[in-house]
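What follows is one structure encoded as structure tokens, with my remarks underneath.
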Amino acid sequence: MLKRYRYTLLAVLHDLLIAALAWFGAYQLRFNFDLPPSYQSEMWRILVWIVPLQSVLFWNMGLYRGIWRYASVADLRRIFMAVLLAATLIPLVLWMFRITAVVPRSVLIIDPILLLLAMAGDRLLYRLWKEQGLFGVIHLQGSPVIVLGAGEAAVGLSKELRRSREWHQVGFLDDDTDKQGRALNGIKVLGKLESLPYWAGRFGVTQVIVAMPSATHQVRKHAIELANLNGIKVLTVPSFDDLLSGKIAISQLRAVELDDLLGRDPVQLDDAGLLGQLSNKIVLVTGAGGSIGSELCRQIARFSPKRLVLFESSEFALYNIEQELNLNFPQLDVLYLAGDVRDDVRLQQVFGEFKPTVVFHAAAYKHVPLMERHNAWQAVRNNVFGTWHVASCAQRHGAEKFVLISTDKAVNPTNVMGATKRLAEIICQGLQTPDSTRFVIVRFGNVLGSNGSVIPKFREQIAKGGPITVTHPEITRYFMSIPEASQLVMQAGYMGKGGEIFVLDMGDPVKIVDLAKDLIRLSGLSEDDIKIEFTGLRPGEKLYEELLSDTEHTLTTPHPKLRIAQARVVSPDEFQSLLIWVSSEITVSDEDVRRRLLEWVPEYTPDSPR
């Protein structure tokens, strides 16, 4: 605090001295540096009025709130307005206080010009000096770096790089022909992105920074792959959502992740609609400690619900999300409840006491091979019976919306997990009635970095020196980021009128072997360093996933990344028979589970990888 006051005092004293020198200089220029004695005495007599007047105006106009090192156009504008106002008031003050003195009119014009030039110029020179750019000299400390992109984010980053001792920027690369050859912040746009190998070799560049957050994903991906192919380390600025503050900082730079290669353009949310659905409402999330459940909690928290209720069977997962939300959303009313979705007594207590308005049901067993052997009946109990309990409680206690998180593995399933999720969809559709809770189902594929996904497994294998194990060279999957999936779940939940199955736009399927190769390159290694081995398809595993079954088609929605699947609906008698089966307390063998699943899900083809 004392340091701040010291700098403010120095700035005030500087401007007082400049004001006096400008007044003196104006007289000297007026009389061609041959000031008559009579005017000299008048000059000093009026000076004692002029400088205090100007200093008061400068203080009230906010000239001392900023920091000289970060002097900007806004600061120069304030200086201009303050000097202009002072120039206007000086004659008025002299007249009001009847100060009898002859002040040449040219002095009243020259003084504000000198004052403006000196005050603005000193601040600009100070900033240039602090940024090590005085006299146009670019500092050569640190590693040479090229910035890919020449938009606003790149220009903002360039300003930060000038202050860095870790890097020195040697140029920009951008495909916009209007920018090529021009200079931004004194640094040249060298050429197109494709010219990266040439410029990297010329300047000895070993790392580049991708600064194109507003560009399409395809453009960013191309830039990253171009650098990877030439053995250049890639950093990137934060995502578009992280740049809403409008400031790029060196500390925000990060290494390129798999999300940057596989991610898509930002999701456009109906914030007004979601605010109406979630704000000041009680929202419950089951499976709140899992990958999707925890991200849903983070996204929902942004819309200020009246209360956020987290329901989770894993104590450790519940503890982790509790620590995070308490830190990031300290003002939010959050309840952390341990419980199992199969425990009807616990669910009745929770719904009866807290009466959630909106329910997001993310709790499920999702790991295909684990559910295929020795756990098939538990998959039915958790994924189907548990869904029925939660959905029934929501309906009984008057919840407005119930959103089921489903999966692309429910489409033409070849495994128990996928078939049970298809039954969970049927449960929600069967419970839908015109004037009760609106049940909405959201179906999507794999999410990057989720618990049990291949990404953490591959990273662990790379850390151990390999090999990376892939089940089949042709196996493909749809991928999206956890935040994108969660945002689209919320958007679908808002749009749903009841009974729909929303299908997310998953983009193009990705070969798992290509995913492994990308991770190897992003780790700074090659396929010579980390081998890839093929182990064969696991029980219940498909070669590729589908978002629609052979008998389904989709309808468009107002949102470009959401479609509605027209799925088969079971009859009331079939629905009641299904409920009786999943409610059974008798342990059922894996073979019996598969046999009964075939009755409810005709498109289920066990042990027939597709």
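FYI, nothing fancy with the structure tokens labels: chains A, B, ... in order, residues from 1 per chain, ligands from 1 as they appear.
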Legend entry - Surrounding residues of Ala317 in chain A excluding itself and chain neighbours under 4 positions, 10 Å, only C-alpha atoms, as a ChimeraX atom specification: /A:287-291,294,312-313,321-322
Legend entry - Surrounding residues of range 388-402 of chain A excluding itself and chain neighbours under 4 positions, 9 Å, only C-alpha atoms, as JSON, numbers by chain: {"A": [286, 341, 342, 343, 344, 347, 348, 351, 352, 355, 356, 357, 358, 359, 360, 361, 383, 384, 424, 427, 428, 431, 436, 437, 438, 439, 440, 441, 493, 494, 496, 497, 498, 579]}
Legend entry - Selection near Thr587 in chain A, 10 Å with only C-alpha atoms, sequence-local residues under 4 positions removed, as a list in words: Trp377, Gln378 and Val593 of chain A
Dump all heavy atoms for the selected residues as a PDB file, in the first residue's frame?
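File written: part37.pdb
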```
ATOM      1  N   TRP A 377     -26.214 -58.805 -13.979  1.00  0.00           N
ATOM      2  CA  TRP A 377     -27.434 -58.498 -13.226  1.00  0.00           C
ATOM      3  C   TRP A 377     -27.276 -57.193 -12.436  1.00  0.00           C
ATOM      4  O   TRP A 377     -28.231 -56.430 -12.298  1.00  0.00           O
ATOM      5  CB  TRP A 377     -27.791 -59.645 -12.291  1.00  0.00           C
ATOM      6  CG  TRP A 377     -29.037 -59.414 -11.484  1.00  0.00           C
ATOM      7  CD1 TRP A 377     -29.139 -59.389 -10.128  1.00  0.00           C
ATOM      8  CD2 TRP A 377     -30.353 -59.177 -11.990  1.00  0.00           C
ATOM      9  NE1 TRP A 377     -30.429 -59.140  -9.741  1.00  0.00           N
ATOM     10  CE2 TRP A 377     -31.206 -59.008 -10.873  1.00  0.00           C
ATOM     11  CE3 TRP A 377     -30.892 -59.079 -13.271  1.00  0.00           C
ATOM     12  CZ2 TRP A 377     -32.566 -58.757 -11.006  1.00  0.00           C
ATOM     13  CZ3 TRP A 377     -32.266 -58.831 -13.409  1.00  0.00           C
ATOM     14  CH2 TRP A 377     -33.081 -58.669 -12.294  1.00  0.00           C
ATOM     15  N   GLN A 378     -26.064 -56.915 -11.968  1.00  0.00           N
ATOM     16  CA  GLN A 378     -25.832 -55.647 -11.272  1.00  0.00           C
ATOM     17  C   GLN A 378     -25.967 -54.458 -12.229  1.00  0.00           C
ATOM     18  O   GLN A 378     -26.410 -53.380 -11.832  1.00  0.00           O
ATOM     19  CB  GLN A 378     -24.446 -55.655 -10.622  1.00  0.00           C
ATOM     20  CG  GLN A 378     -24.300 -56.634  -9.470  1.00  0.00           C
ATOM     21  CD  GLN A 378     -25.388 -56.469  -8.425  1.00  0.00           C
ATOM     22  OE1 GLN A 378     -25.625 -55.370  -7.943  1.00  0.00           O
ATOM     23  NE2 GLN A 378     -26.062 -57.565  -8.093  1.00  0.00           N
ATOM     24  N   VAL A 593     -29.648 -63.077 -17.894  1.00  0.00           N
ATOM     25  CA  VAL A 593     -29.759 -61.638 -18.159  1.00  0.00           C
ATOM     26  C   VAL A 593     -29.735 -61.387 -19.660  1.00  0.00           C
ATOM     27  O   VAL A 593     -30.573 -60.638 -20.200  1.00  0.00           O
ATOM     28  CB  VAL A 593     -28.621 -60.862 -17.471  1.00  0.00           C
ATOM     29  CG1 VAL A 593     -28.564 -59.419 -17.992  1.00  0.00           C
ATOM     30  CG2 VAL A 593     -28.809 -60.851 -15.967  1.00  0.00           C
TER      31      VAL A 593
END
```
Inset, instruction - Once DSSP has gone over the backbone, tell me which residues of range 270-370 of chain A are in alpha helix (DSSP H), as a PyMOL selection string. - result: chain A and resi 271-278+291-301+315-328+344-354+368-370
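CA of Leu325 in chain A is found 24.9 Å from CA of Val442 in chain A.
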